[in-house]
file run05.cif (mmCIF, C-alpha atoms (C1' of nucleotides))
data_upload
loop_
_atom_site.label_atom_id
_atom_site.label_comp_id
_atom_site.auth_asym_id
_atom_site.auth_seq_id
_atom_site.Cartn_x
_atom_site.Cartn_y
_atom_site.Cartn_z
CA MET A 768 -67.17 45.70 -66.40
CA LYS A 769 -66.82 44.56 -62.84
CA THR A 770 -63.14 43.86 -63.12
CA ARG A 771 -61.22 45.07 -60.12
CA LEU A 772 -58.04 46.98 -60.63
CA ASP A 773 -54.90 45.17 -59.64
CA LYS A 774 -51.56 46.64 -58.63
CA ILE A 775 -50.37 46.91 -62.21
CA ASP A 776 -53.50 48.71 -63.35
CA LEU A 777 -53.16 51.20 -60.53
CA LYS A 778 -49.53 51.79 -61.38
CA ILE A 779 -50.47 52.41 -65.00
CA LEU A 780 -53.16 54.91 -63.99
CA GLU A 781 -50.75 56.61 -61.66
CA ILE A 782 -48.16 57.05 -64.37
CA LEU A 783 -50.68 58.18 -66.98
CA GLN A 784 -52.01 60.77 -64.55
CA ASN A 785 -48.55 62.30 -64.57
CA ASP A 786 -47.74 61.92 -68.21
CA CYS A 787 -50.08 60.38 -70.71
CA ARG A 788 -47.75 60.78 -73.67
CA ILE A 789 -45.32 58.24 -72.34
CA THR A 790 -44.86 55.49 -74.88
CA THR A 791 -46.27 52.08 -74.19
CA LYS A 792 -42.76 50.79 -74.52
CA LYS A 793 -41.31 53.01 -71.77
CA LEU A 794 -44.30 52.37 -69.57
CA ALA A 795 -43.75 48.65 -70.02
CA GLU A 796 -40.12 49.03 -69.04
CA ARG A 797 -41.06 50.81 -65.84
CA LEU A 798 -43.41 47.96 -65.02
CA ASN A 799 -40.99 45.24 -66.04
CA LEU A 800 -43.38 43.92 -68.63
CA SER A 801 -43.46 43.66 -72.36
CA PRO A 802 -45.47 46.28 -74.27
CA THR A 803 -48.34 43.99 -75.24
CA PRO A 804 -49.98 43.40 -71.85
CA VAL A 805 -49.49 47.06 -70.99
CA PHE A 806 -51.14 48.08 -74.23
CA GLU A 807 -54.03 45.75 -73.58
CA ARG A 808 -54.49 46.95 -70.03
CA ILE A 809 -54.58 50.57 -71.15
CA LYS A 810 -57.21 49.76 -73.78
CA LYS A 811 -59.25 47.97 -71.14
CA LEU A 812 -58.97 50.89 -68.74
CA GLU A 813 -60.14 53.25 -71.47
CA LYS A 814 -62.96 51.01 -72.60
CA GLU A 815 -64.31 50.34 -69.15
CA GLY A 816 -64.31 54.03 -68.33
CA TYR A 817 -61.57 54.30 -65.75
CA ILE A 818 -59.81 56.77 -68.02
CA ASP A 819 -62.09 59.56 -69.18
CA LYS A 820 -59.77 61.36 -71.53
CA TYR A 821 -56.27 62.54 -72.27
CA VAL A 822 -55.74 66.26 -72.20
CA ALA A 823 -53.08 68.92 -72.44
CA LEU A 824 -52.99 71.20 -69.41
CA LEU A 825 -52.11 74.73 -70.41
CA ASN A 826 -50.27 77.32 -68.38
CA GLU A 827 -52.92 79.86 -67.44
CA ARG A 828 -50.46 82.66 -66.78
CA LYS A 829 -48.62 82.13 -69.99
CA ILE A 830 -51.66 82.16 -72.21
CA GLY A 831 -52.95 85.26 -70.49
CA LEU A 832 -55.69 83.95 -68.22
CA LYS A 833 -54.28 85.33 -65.02
CA GLN A 834 -57.28 85.39 -62.76
CA THR A 835 -58.98 82.51 -61.05
CA ILE A 836 -62.11 83.24 -59.06
CA PHE A 837 -64.41 81.04 -57.06
CA ILE A 838 -68.03 82.05 -56.74
CA GLY A 839 -70.53 80.86 -54.21
CA VAL A 840 -74.07 81.24 -55.47
CA LYS A 841 -77.37 81.08 -53.66
CA LEU A 842 -80.57 80.88 -55.67
CA LYS A 843 -83.85 82.45 -54.65
CA GLY A 844 -85.96 79.57 -55.90
CA HIS A 845 -85.01 76.03 -55.04
CA THR A 846 -87.30 73.91 -57.11
CA ARG A 847 -85.65 71.14 -59.02
CA SER A 848 -86.19 72.88 -62.31
CA TYR A 849 -84.43 76.03 -61.14
CA LEU A 850 -81.44 74.08 -59.98
CA GLN A 851 -81.19 72.21 -63.24
CA LYS A 852 -81.70 75.37 -65.26
CA PHE A 853 -78.85 77.01 -63.43
CA LEU A 854 -76.54 74.12 -64.21
CA ASN A 855 -77.51 74.27 -67.85
CA GLN A 856 -76.89 77.97 -68.17
CA VAL A 857 -73.56 77.78 -66.45
CA ASN A 858 -72.50 74.99 -68.78
CA ASP A 859 -72.56 77.44 -71.64
CA PHE A 860 -70.24 79.93 -69.96
CA LYS A 861 -66.81 79.22 -71.33
CA GLU A 862 -65.13 81.04 -68.45
CA VAL A 863 -66.54 78.52 -66.00
CA THR A 864 -64.28 75.53 -65.57
CA GLU A 865 -66.08 73.90 -62.65
CA CYS A 866 -69.58 73.98 -61.23
CA TYR A 867 -70.90 71.89 -58.38
CA GLN A 868 -74.20 71.92 -56.62
CA VAL A 869 -73.30 71.81 -52.94
CA SER A 870 -74.70 71.67 -49.47
CA GLY A 871 -73.86 74.45 -47.05
CA ASN A 872 -74.62 78.13 -47.21
CA PHE A 873 -74.36 78.18 -50.99
CA ASP A 874 -76.31 76.25 -53.58
CA PHE A 875 -73.50 76.21 -56.11
CA LEU A 876 -69.79 76.68 -56.21
CA LEU A 877 -68.19 77.81 -59.45
CA LYS A 878 -64.61 78.15 -60.50
CA ILE A 879 -63.89 80.56 -63.28
CA VAL A 880 -60.67 81.35 -65.11
CA LEU A 881 -60.28 84.50 -67.16
CA ALA A 882 -57.86 87.21 -68.16
CA ASP A 883 -58.17 89.66 -65.28
CA ILE A 884 -60.50 91.44 -62.92
CA ASP A 885 -61.90 93.55 -65.74
CA ALA A 886 -62.89 90.43 -67.61
CA TYR A 887 -64.52 89.24 -64.42
CA GLU A 888 -66.62 92.39 -64.16
CA ILE A 889 -67.78 91.88 -67.70
CA PHE A 890 -68.53 88.23 -67.03
CA VAL A 891 -70.68 89.09 -64.03
CA GLN A 892 -72.53 91.89 -65.78
CA THR A 893 -73.15 90.23 -69.11
CA LYS A 894 -73.60 86.65 -68.04
CA LEU A 895 -73.88 85.69 -64.40
CA SER A 896 -76.16 88.50 -63.27
CA LEU A 897 -78.60 87.75 -66.07
CA ILE A 898 -79.53 84.42 -64.55
CA SER A 899 -83.04 84.53 -63.20
CA GLU A 900 -83.62 83.63 -59.57
CA LEU A 901 -80.04 84.49 -58.73
CA GLY A 902 -79.78 85.24 -55.04
CA ASN A 903 -76.64 86.04 -53.13
CA VAL A 904 -73.30 85.76 -54.86
CA HIS A 905 -70.01 85.72 -53.06
CA SER A 906 -66.69 85.97 -54.88
CA TYR A 907 -63.40 84.52 -53.70
CA ILE A 908 -60.62 86.00 -55.74
CA ALA A 909 -57.52 83.84 -55.91
CA ILE A 910 -54.55 85.70 -54.53
CA LYS A 911 -52.11 82.87 -54.66
CA LYS A 912 -52.29 79.50 -56.30
CA GLY A 913 -51.28 76.66 -54.07
CA LYS A 914 -51.70 73.08 -55.11
CA CYS A 915 -53.63 72.53 -58.28
CA THR A 916 -53.65 69.09 -59.79
CA THR A 917 -55.83 66.72 -61.74
CA LYS A 918 -54.12 63.79 -60.12
CA LEU A 919 -56.35 61.68 -57.94
CA ASP A 920 -55.03 59.81 -54.96
CA LEU A 921 -55.03 56.14 -55.78
CA SER A 922 -53.04 55.04 -52.76
CA SER A 923 -56.18 54.21 -50.78
CA LEU A 924 -57.52 51.79 -53.38
CA MET B 938 -40.00 83.65 -75.56
CA LYS B 939 -42.19 86.60 -76.31
CA THR B 940 -43.66 85.05 -79.41
CA ARG B 941 -47.36 85.71 -79.69
CA LEU B 942 -49.67 82.88 -80.49
CA ASP B 943 -51.23 82.96 -83.92
CA LYS B 944 -54.47 81.39 -85.06
CA ILE B 945 -52.82 78.06 -85.80
CA ASP B 946 -51.15 77.87 -82.40
CA LEU B 947 -54.46 78.57 -80.70
CA LYS B 948 -56.18 75.91 -82.76
CA ILE B 949 -53.50 73.41 -81.81
CA LEU B 950 -53.88 74.25 -78.12
CA GLU B 951 -57.63 73.96 -78.42
CA ILE B 952 -57.42 70.53 -79.95
CA LEU B 953 -54.80 69.28 -77.51
CA GLN B 954 -56.96 70.45 -74.63
CA ASN B 955 -59.60 68.04 -75.86
CA ASP B 956 -57.38 65.16 -76.82
CA CYS B 957 -53.65 65.19 -76.45
CA ARG B 958 -53.13 61.71 -77.82
CA ILE B 959 -54.17 62.74 -81.31
CA THR B 960 -51.38 61.97 -83.74
CA THR B 961 -49.44 64.84 -85.23
CA LYS B 962 -50.52 63.54 -88.57
CA LYS B 963 -54.26 63.77 -87.86
CA LEU B 964 -53.80 67.13 -86.21
CA ALA B 965 -52.02 68.33 -89.32
CA GLU B 966 -54.88 67.11 -91.48
CA ARG B 967 -57.40 69.04 -89.42
CA LEU B 968 -55.29 72.15 -89.88
CA ASN B 969 -54.60 71.54 -93.56
CA LEU B 970 -50.90 71.43 -92.98
CA SER B 971 -48.20 68.83 -93.26
CA PRO B 972 -47.02 67.15 -90.05
CA THR B 973 -43.69 68.96 -89.87
CA PRO B 974 -44.82 72.50 -88.99
CA VAL B 975 -47.41 71.12 -86.59
CA PHE B 976 -44.77 69.03 -84.89
CA GLU B 977 -42.48 72.04 -84.61
CA ARG B 978 -45.23 74.28 -83.26
CA ILE B 979 -46.14 71.76 -80.59
CA LYS B 980 -42.51 71.49 -79.51
CA LYS B 981 -42.31 75.27 -79.34
CA LEU B 982 -45.50 75.48 -77.29
CA GLU B 983 -44.11 72.91 -74.87
CA LYS B 984 -40.69 74.52 -74.66
CA GLU B 985 -41.98 78.02 -74.11
CA GLY B 986 -44.29 76.83 -71.37
CA TYR B 987 -47.72 77.27 -72.93
CA ILE B 988 -48.33 73.58 -72.39
CA ASP B 989 -47.63 72.47 -68.84
CA LYS B 990 -48.20 68.77 -69.19
CA TYR B 991 -50.19 65.98 -70.74
CA VAL B 992 -52.32 63.99 -68.36
CA ALA B 993 -54.90 61.25 -68.21
CA LEU B 994 -58.11 62.32 -66.50
CA LEU B 995 -59.62 59.49 -64.54
CA ASN B 996 -63.25 58.84 -63.81
CA GLU B 997 -63.66 59.58 -60.11
CA ARG B 998 -66.80 57.53 -59.70
CA LYS B 999 -65.40 54.55 -61.47
CA ILE B 1000 -62.21 54.37 -59.48
CA GLY B 1001 -64.15 54.77 -56.25
CA LEU B 1002 -63.53 58.36 -55.26
CA LYS B 1003 -67.15 59.37 -55.07
CA GLN B 1004 -67.05 62.43 -52.90
CA THR B 1005 -65.88 65.91 -53.81
CA ILE B 1006 -65.83 68.51 -51.08
CA PHE B 1007 -64.84 72.14 -51.06
CA ILE B 1008 -63.54 73.60 -47.85
CA GLY B 1009 -63.30 77.25 -46.93
CA VAL B 1010 -60.65 77.83 -44.29
CA LYS B 1011 -59.98 80.82 -42.11
CA LEU B 1012 -56.74 80.96 -40.16
CA LYS B 1013 -56.35 82.53 -36.74
CA GLY B 1014 -52.95 84.01 -37.47
CA HIS B 1015 -52.38 85.88 -40.69
CA THR B 1016 -48.68 86.49 -40.78
CA ARG B 1017 -46.99 85.65 -44.02
CA SER B 1018 -45.28 82.66 -42.48
CA TYR B 1019 -48.55 81.17 -41.31
CA LEU B 1020 -50.08 81.51 -44.73
CA GLN B 1021 -47.10 79.90 -46.39
CA LYS B 1022 -46.95 77.16 -43.81
CA PHE B 1023 -50.57 76.33 -44.46
CA LEU B 1024 -49.94 76.04 -48.19
CA ASN B 1025 -46.99 73.77 -47.56
CA GLN B 1026 -48.89 71.46 -45.27
CA VAL B 1027 -51.83 71.21 -47.62
CA ASN B 1028 -49.50 70.33 -50.47
CA ASP B 1029 -48.71 67.09 -48.74
CA PHE B 1030 -52.33 66.02 -48.42
CA LYS B 1031 -52.97 63.70 -51.32
CA GLU B 1032 -56.72 64.12 -50.99
CA VAL B 1033 -56.40 67.81 -51.81
CA THR B 1034 -56.51 68.50 -55.51
CA GLU B 1035 -56.70 72.28 -55.38
CA CYS B 1036 -55.77 74.95 -52.89
CA TYR B 1037 -55.95 78.68 -53.43
CA GLN B 1038 -55.31 81.54 -51.09
CA VAL B 1039 -58.27 83.84 -51.64
CA SER B 1040 -59.78 87.14 -50.66
CA GLY B 1041 -63.24 87.19 -49.10
CA ASN B 1042 -64.46 85.67 -45.90
CA PHE B 1043 -62.06 82.73 -46.19
CA ASP B 1044 -58.31 82.71 -46.38
CA PHE B 1045 -58.12 79.51 -48.41
CA LEU B 1046 -60.36 77.43 -50.57
CA LEU B 1047 -59.57 73.74 -50.96
CA LYS B 1048 -61.03 71.09 -53.17
CA ILE B 1049 -60.69 67.55 -52.00
CA VAL B 1050 -61.63 64.29 -53.66
CA LEU B 1051 -61.96 61.09 -51.72
CA ALA B 1052 -63.92 57.88 -51.39
CA ASP B 1053 -66.89 58.97 -49.28
CA ILE B 1054 -68.04 60.96 -46.30
CA ASP B 1055 -66.38 58.55 -43.92
CA ALA B 1056 -63.05 59.14 -45.59
CA TYR B 1057 -63.73 62.85 -45.25
CA GLU B 1058 -64.26 62.53 -41.51
CA ILE B 1059 -60.97 60.72 -41.24
CA PHE B 1060 -59.25 63.33 -43.37
CA VAL B 1061 -60.50 66.15 -41.16
CA GLN B 1062 -59.63 64.40 -37.93
CA THR B 1063 -56.23 63.05 -38.86
CA LYS B 1064 -54.98 65.79 -41.14
CA LEU B 1065 -56.84 69.04 -41.51
CA SER B 1066 -57.68 69.62 -37.88
CA LEU B 1067 -54.07 69.09 -36.86
CA ILE B 1068 -52.98 72.26 -38.62
CA SER B 1069 -51.98 74.88 -36.08
CA GLU B 1070 -53.69 78.26 -36.22
CA LEU B 1071 -56.67 76.75 -37.99
CA GLY B 1072 -59.68 78.97 -37.48
CA ASN B 1073 -63.12 78.48 -38.94
CA VAL B 1074 -63.66 75.74 -41.47
CA HIS B 1075 -66.71 75.50 -43.67
CA SER B 1076 -67.42 72.46 -45.81
CA TYR B 1077 -69.37 72.44 -49.05
CA ILE B 1078 -70.22 68.89 -49.93
CA ALA B 1079 -70.81 68.32 -53.62
CA ILE B 1080 -74.32 67.03 -54.21
CA LYS B 1081 -74.22 67.12 -57.96
CA LYS B 1082 -71.40 67.61 -60.38
CA GLY B 1083 -72.08 70.16 -63.05
CA LYS B 1084 -69.44 71.31 -65.43
CA CYS B 1085 -65.94 70.17 -64.66
CA THR B 1086 -63.26 70.72 -67.24
CA THR B 1087 -59.59 71.48 -67.55
CA LYS B 1088 -60.22 73.26 -70.82
CA LEU B 1089 -59.46 76.95 -70.77
CA ASP B 1090 -61.34 79.41 -72.92
CA LEU B 1091 -58.99 80.57 -75.66
CA SER B 1092 -61.63 82.35 -77.68
CA SER B 1093 -60.84 85.70 -76.11
CA LEU B 1094 -57.16 85.61 -77.05
"C1'" DA C 250 -42.82 78.96 -92.55
"C1'" DC C 251 -44.08 75.15 -95.20
"C1'" DT C 252 -43.52 70.73 -98.24
"C1'" DG C 253 -41.86 66.18 -99.04
"C1'" DA C 254 -39.01 62.29 -98.27
"C1'" DA C 255 -36.80 58.94 -95.48
"C1'" DA C 256 -34.93 56.58 -91.34
"C1'" DG C 257 -35.98 55.23 -87.02
"C1'" DA C 258 -39.33 54.27 -83.50
"C1'" DA C 259 -43.75 53.01 -81.78
"C1'" DC C 260 -48.22 50.90 -82.37
"C1'" DT C 261 -51.01 47.07 -82.70
"C1'" DA C 262 -52.25 42.43 -84.02
"C1'" DC C 263 -51.27 37.80 -83.91
"C1'" DA C 264 -49.20 33.47 -83.10
"C1'" DT C 265 -47.30 31.05 -79.23
"C1'" DC C 266 -46.42 29.52 -74.48
"C1'" DG D 765 -51.83 36.66 -68.71
"C1'" DA D 766 -47.44 36.99 -70.58
"C1'" DT D 767 -43.73 37.03 -74.56
"C1'" DG D 768 -41.86 37.81 -79.22
"C1'" DT D 769 -42.40 38.93 -83.89
"C1'" DA D 770 -43.81 41.48 -87.80
"C1'" DG D 771 -46.57 44.61 -90.67
"C1'" DT D 772 -48.25 49.16 -90.47
"C1'" DT D 773 -48.29 53.76 -89.06
"C1'" DC D 774 -46.31 57.71 -86.76
"C1'" DT D 775 -42.43 60.56 -85.35
"C1'" DT D 776 -38.82 63.33 -86.24
"C1'" DT D 777 -35.11 65.13 -88.96
"C1'" DC D 778 -33.36 67.29 -92.94
"C1'" DA D 779 -32.86 69.05 -97.56
"C1'" DG D 780 -35.26 72.15 -100.54
"C1'" DT D 781 -38.48 76.19 -101.73
#
call {"tool": "encode", "arguments": {"input": "run05.cif", "output": "structure tokens"}}
result
Amino acid sequence: MKTRLDKIDLKILEILQNDCRITTKKLAERLNLSPTPVFERIKKLEKEGYIDKYVALLNERKIGLKQTIFIGVKLKGHTRSYLQKFLNQVNDFKEVTECYQVSGNFDFLLKIVLADIDAYEIFVQTKLSLISELGNVHSYIAIKKGKCTTKLDLSSL
Amino acid sequence: MKTRLDKIDLKILEILQNDCRITTKKLAERLNLSPTPVFERIKKLEKEGYIDKYVALLNERKIGLKQTIFIGVKLKGHTRSYLQKFLNQVNDFKEVTECYQVSGNFDFLLKIVLADIDAYEIFVQTKLSLISELGNVHSYIAIKKGKCTTKLDLSSL
DNA sequence: ACTGAAAGAACTACATC
DNA sequence: GATGTAGTTCTTTCAGT
């Protein structure tokens, strides 16, 4: 489990971050290797947990989820159990794609993706605002999407 | 291009959001269909742009990128060209995984993923702070990762 | 739109170096 | 660690309903 990643491993991860449906054969060609070692390296990377999963990224616009909103949340109570309870409740909200407990003038930062502003109103009224100990909430409505990637920078490794 | 998605399409997207390396055959079994129509539907979903891409999601901890930070940025100048210039510059920062222009008391919200706080200091000093017209910057350092998914909620469609 | 069949390609294991 | 081979399974196309 303590195996360090070598150049080839990093290259494999880099390529799979861009396109994970590439065939082992093509990947091997790009690395000037035969498929077998590439196949084995991928299995190792999966098994040891470097690769979490393989997913399809959908086009939000196209499927009709046109609004992204970030929400900064401050709780009234800050005991450990309140913080954990908040995380648990938010986990069940399907509109929430990301939730981090943070330092700064918020306790949590959420990212939510939904159809439109109307759907957001409904989300706030029927879900978010029902959370007990909810303090201040500040919304940041996305006006324009800049960079948005799942690709991590491996160049520093 | 205006084809609406039916129940089967949505189910396919749902499954591919969880695991895009599933074989067409297994996917077909789960849908009680033969592989052919499933294969054709997937191709259609790709071609019409419902599916953007297939990617491997890496484990940030495991590969050594242990720190996630959100940054709220306010610019001094707000002309259209400044806003666009900011987006362009941020695009080149490999540490930045997301950047949205937003409404609220920030102009932009960024998400960055890097090794640790030291790497963050370097990022700010050598990259972020060099941006002209940069106004206030507020950092939200992730203390605990809650939900974090690329899966969009299709249940409302 | 779907089924079923069939050719070609890829996966995966294994023997070998 | 890598290569090459070979059996198995999947992909992808096409004729038919």
call {"tool": "resolve_selection", "arguments": {"input": "run05.cif", "expression": "the PyMOL selection byres ((chain D) within 9 of (chain A))", "output": "ChimeraX atom specification"}}
result
/D:765-767
call {"tool": "resolve_selection", "arguments": {"input": "run05.cif", "expression": "the PyMOL selection byres ((chain B) within 8 of (chain A))", "output": "number ranges by chain"}}
result
B: 950, 953-958, 986-997, 999-1001, 1024, 1027-1028, 1031-1043, 1050-1051, 1075-1090, 1094
call {"tool": "write_last_selection", "arguments": {"input": "run05.cif", "atoms": "C-alpha atoms", "output": "PDB file, in the frame of the given file"}}
result
ATOM      1  CA  LEU B 950     -53.880  74.250 -78.120  1.00  0.00           C
ATOM      2  CA  LEU B 953     -54.800  69.280 -77.510  1.00  0.00           C
ATOM      3  CA  GLN B 954     -56.960  70.450 -74.630  1.00  0.00           C
ATOM      4  CA  ASN B 955     -59.600  68.040 -75.860  1.00  0.00           C
ATOM      5  CA  ASP B 956     -57.380  65.160 -76.820  1.00  0.00           C
ATOM      6  CA  CYS B 957     -53.650  65.190 -76.450  1.00  0.00           C
ATOM      7  CA  ARG B 958     -53.130  61.710 -77.820  1.00  0.00           C
ATOM      8  CA  GLY B 986     -44.290  76.830 -71.370  1.00  0.00           C
ATOM      9  CA  TYR B 987     -47.720  77.270 -72.930  1.00  0.00           C
ATOM     10  CA  ILE B 988     -48.330  73.580 -72.390  1.00  0.00           C
ATOM     11  CA  ASP B 989     -47.630  72.470 -68.840  1.00  0.00           C
ATOM     12  CA  LYS B 990     -48.200  68.770 -69.190  1.00  0.00           C
ATOM     13  CA  TYR B 991     -50.190  65.980 -70.740  1.00  0.00           C
ATOM     14  CA  VAL B 992     -52.320  63.990 -68.360  1.00  0.00           C
ATOM     15  CA  ALA B 993     -54.900  61.250 -68.210  1.00  0.00           C
ATOM     16  CA  LEU B 994     -58.110  62.320 -66.500  1.00  0.00           C
ATOM     17  CA  LEU B 995     -59.620  59.490 -64.540  1.00  0.00           C
ATOM     18  CA  ASN B 996     -63.250  58.840 -63.810  1.00  0.00           C
ATOM     19  CA  GLU B 997     -63.660  59.580 -60.110  1.00  0.00           C
ATOM     20  CA  LYS B 999     -65.400  54.550 -61.470  1.00  0.00           C
ATOM     21  CA  ILE B1000     -62.210  54.370 -59.480  1.00  0.00           C
ATOM     22  CA  GLY B1001     -64.150  54.770 -56.250  1.00  0.00           C
ATOM     23  CA  LEU B1024     -49.940  76.040 -48.190  1.00  0.00           C
ATOM     24  CA  VAL B1027     -51.830  71.210 -47.620  1.00  0.00           C
ATOM     25  CA  ASN B1028     -49.500  70.330 -50.470  1.00  0.00           C
ATOM     26  CA  LYS B1031     -52.970  63.700 -51.320  1.00  0.00           C
ATOM     27  CA  GLU B1032     -56.720  64.120 -50.990  1.00  0.00           C
ATOM     28  CA  VAL B1033     -56.400  67.810 -51.810  1.00  0.00           C
ATOM     29  CA  THR B1034     -56.510  68.500 -55.510  1.00  0.00           C
ATOM     30  CA  GLU B1035     -56.700  72.280 -55.380  1.00  0.00           C
ATOM     31  CA  CYS B1036     -55.770  74.950 -52.890  1.00  0.00           C
ATOM     32  CA  TYR B1037     -55.950  78.680 -53.430  1.00  0.00           C
ATOM     33  CA  GLN B1038     -55.310  81.540 -51.090  1.00  0.00           C
ATOM     34  CA  VAL B1039     -58.270  83.840 -51.640  1.00  0.00           C
ATOM     35  CA  SER B1040     -59.780  87.140 -50.660  1.00  0.00           C
ATOM     36  CA  GLY B1041     -63.240  87.190 -49.100  1.00  0.00           C
ATOM     37  CA  ASN B1042     -64.460  85.670 -45.900  1.00  0.00           C
ATOM     38  CA  PHE B1043     -62.060  82.730 -46.190  1.00  0.00           C
ATOM     39  CA  VAL B1050     -61.630  64.290 -53.660  1.00  0.00           C
ATOM     40  CA  LEU B1051     -61.960  61.090 -51.720  1.00  0.00           C
ATOM     41  CA  HIS B1075     -66.710  75.500 -43.670  1.00  0.00           C
ATOM     42  CA  SER B1076     -67.420  72.460 -45.810  1.00  0.00           C
ATOM     43  CA  TYR B1077     -69.370  72.440 -49.050  1.00  0.00           C
ATOM     44  CA  ILE B1078     -70.220  68.890 -49.930  1.00  0.00           C
ATOM     45  CA  ALA B1079     -70.810  68.320 -53.620  1.00  0.00           C
ATOM     46  CA  ILE B1080     -74.320  67.030 -54.210  1.00  0.00           C
ATOM     47  CA  LYS B1081     -74.220  67.120 -57.960  1.00  0.00           C
ATOM     48  CA  LYS B1082     -71.400  67.610 -60.380  1.00  0.00           C
ATOM     49  CA  GLY B1083     -72.080  70.160 -63.050  1.00  0.00           C
ATOM     50  CA  LYS B1084     -69.440  71.310 -65.430  1.00  0.00           C
ATOM     51  CA  CYS B1085     -65.940  70.170 -64.660  1.00  0.00           C
ATOM     52  CA  THR B1086     -63.260  70.720 -67.240  1.00  0.00           C
ATOM     53  CA  THR B1087     -59.590  71.480 -67.550  1.00  0.00           C
ATOM     54  CA  LYS B1088     -60.220  73.260 -70.820  1.00  0.00           C
ATOM     55  CA  LEU B1089     -59.460  76.950 -70.770  1.00  0.00           C
ATOM     56  CA  ASP B1090     -61.340  79.410 -72.920  1.00  0.00           C
ATOM     57  CA  LEU B1094     -57.160  85.610 -77.050  1.00  0.00           C
TER      58      LEU B1094
END
call {"tool": "closest_atom_pairs", "arguments": {"input": "run05.cif", "of": "chain A", "to": "chain C", "cutoff": "10 Å", "atoms": "only C-alpha atoms (C1' of nucleotides)", "output": "JSON lines"}}
result
{"residue": "A:Thr790", "atom": "CA", "partner": "C:DA259", "partner_atom": "C1'", "distance": 7.4}
{"residue": "A:Thr791", "atom": "CA", "partner": "C:DA259", "partner_atom": "C1'", "distance": 8.1}
{"residue": "A:Lys792", "atom": "CA", "partner": "C:DA259", "partner_atom": "C1'", "distance": 7.7}
{"residue": "A:Pro802", "atom": "CA", "partner": "C:DC260", "partner_atom": "C1'", "distance": 9.7}
{"residue": "A:Thr803", "atom": "CA", "partner": "C:DT261", "partner_atom": "C1'", "distance": 8.5}
{"residue": "A:Phe806", "atom": "CA", "partner": "C:DT261", "partner_atom": "C1'", "distance": 8.5}
{"residue": "A:Glu807", "atom": "CA", "partner": "C:DT261", "partner_atom": "C1'", "distance": 9.7}
call {"tool": "atom_distance", "arguments": {"input": "run05.cif", "atom1": "atom C1' of DC774 of chain D", "atom2": "atom CA of Ala795 of chain A"}}
result
19.2 Å
call {"tool": "residues_around", "arguments": {"input": "run05.cif", "residues": "Glu1070 of chain B", "least_positions_apart": "4", "cutoff": "10 Å", "atoms": "all atoms listed in the file", "output": "number ranges by chain"}}
result
B: 1011-1015, 1019-1020, 1023, 1066
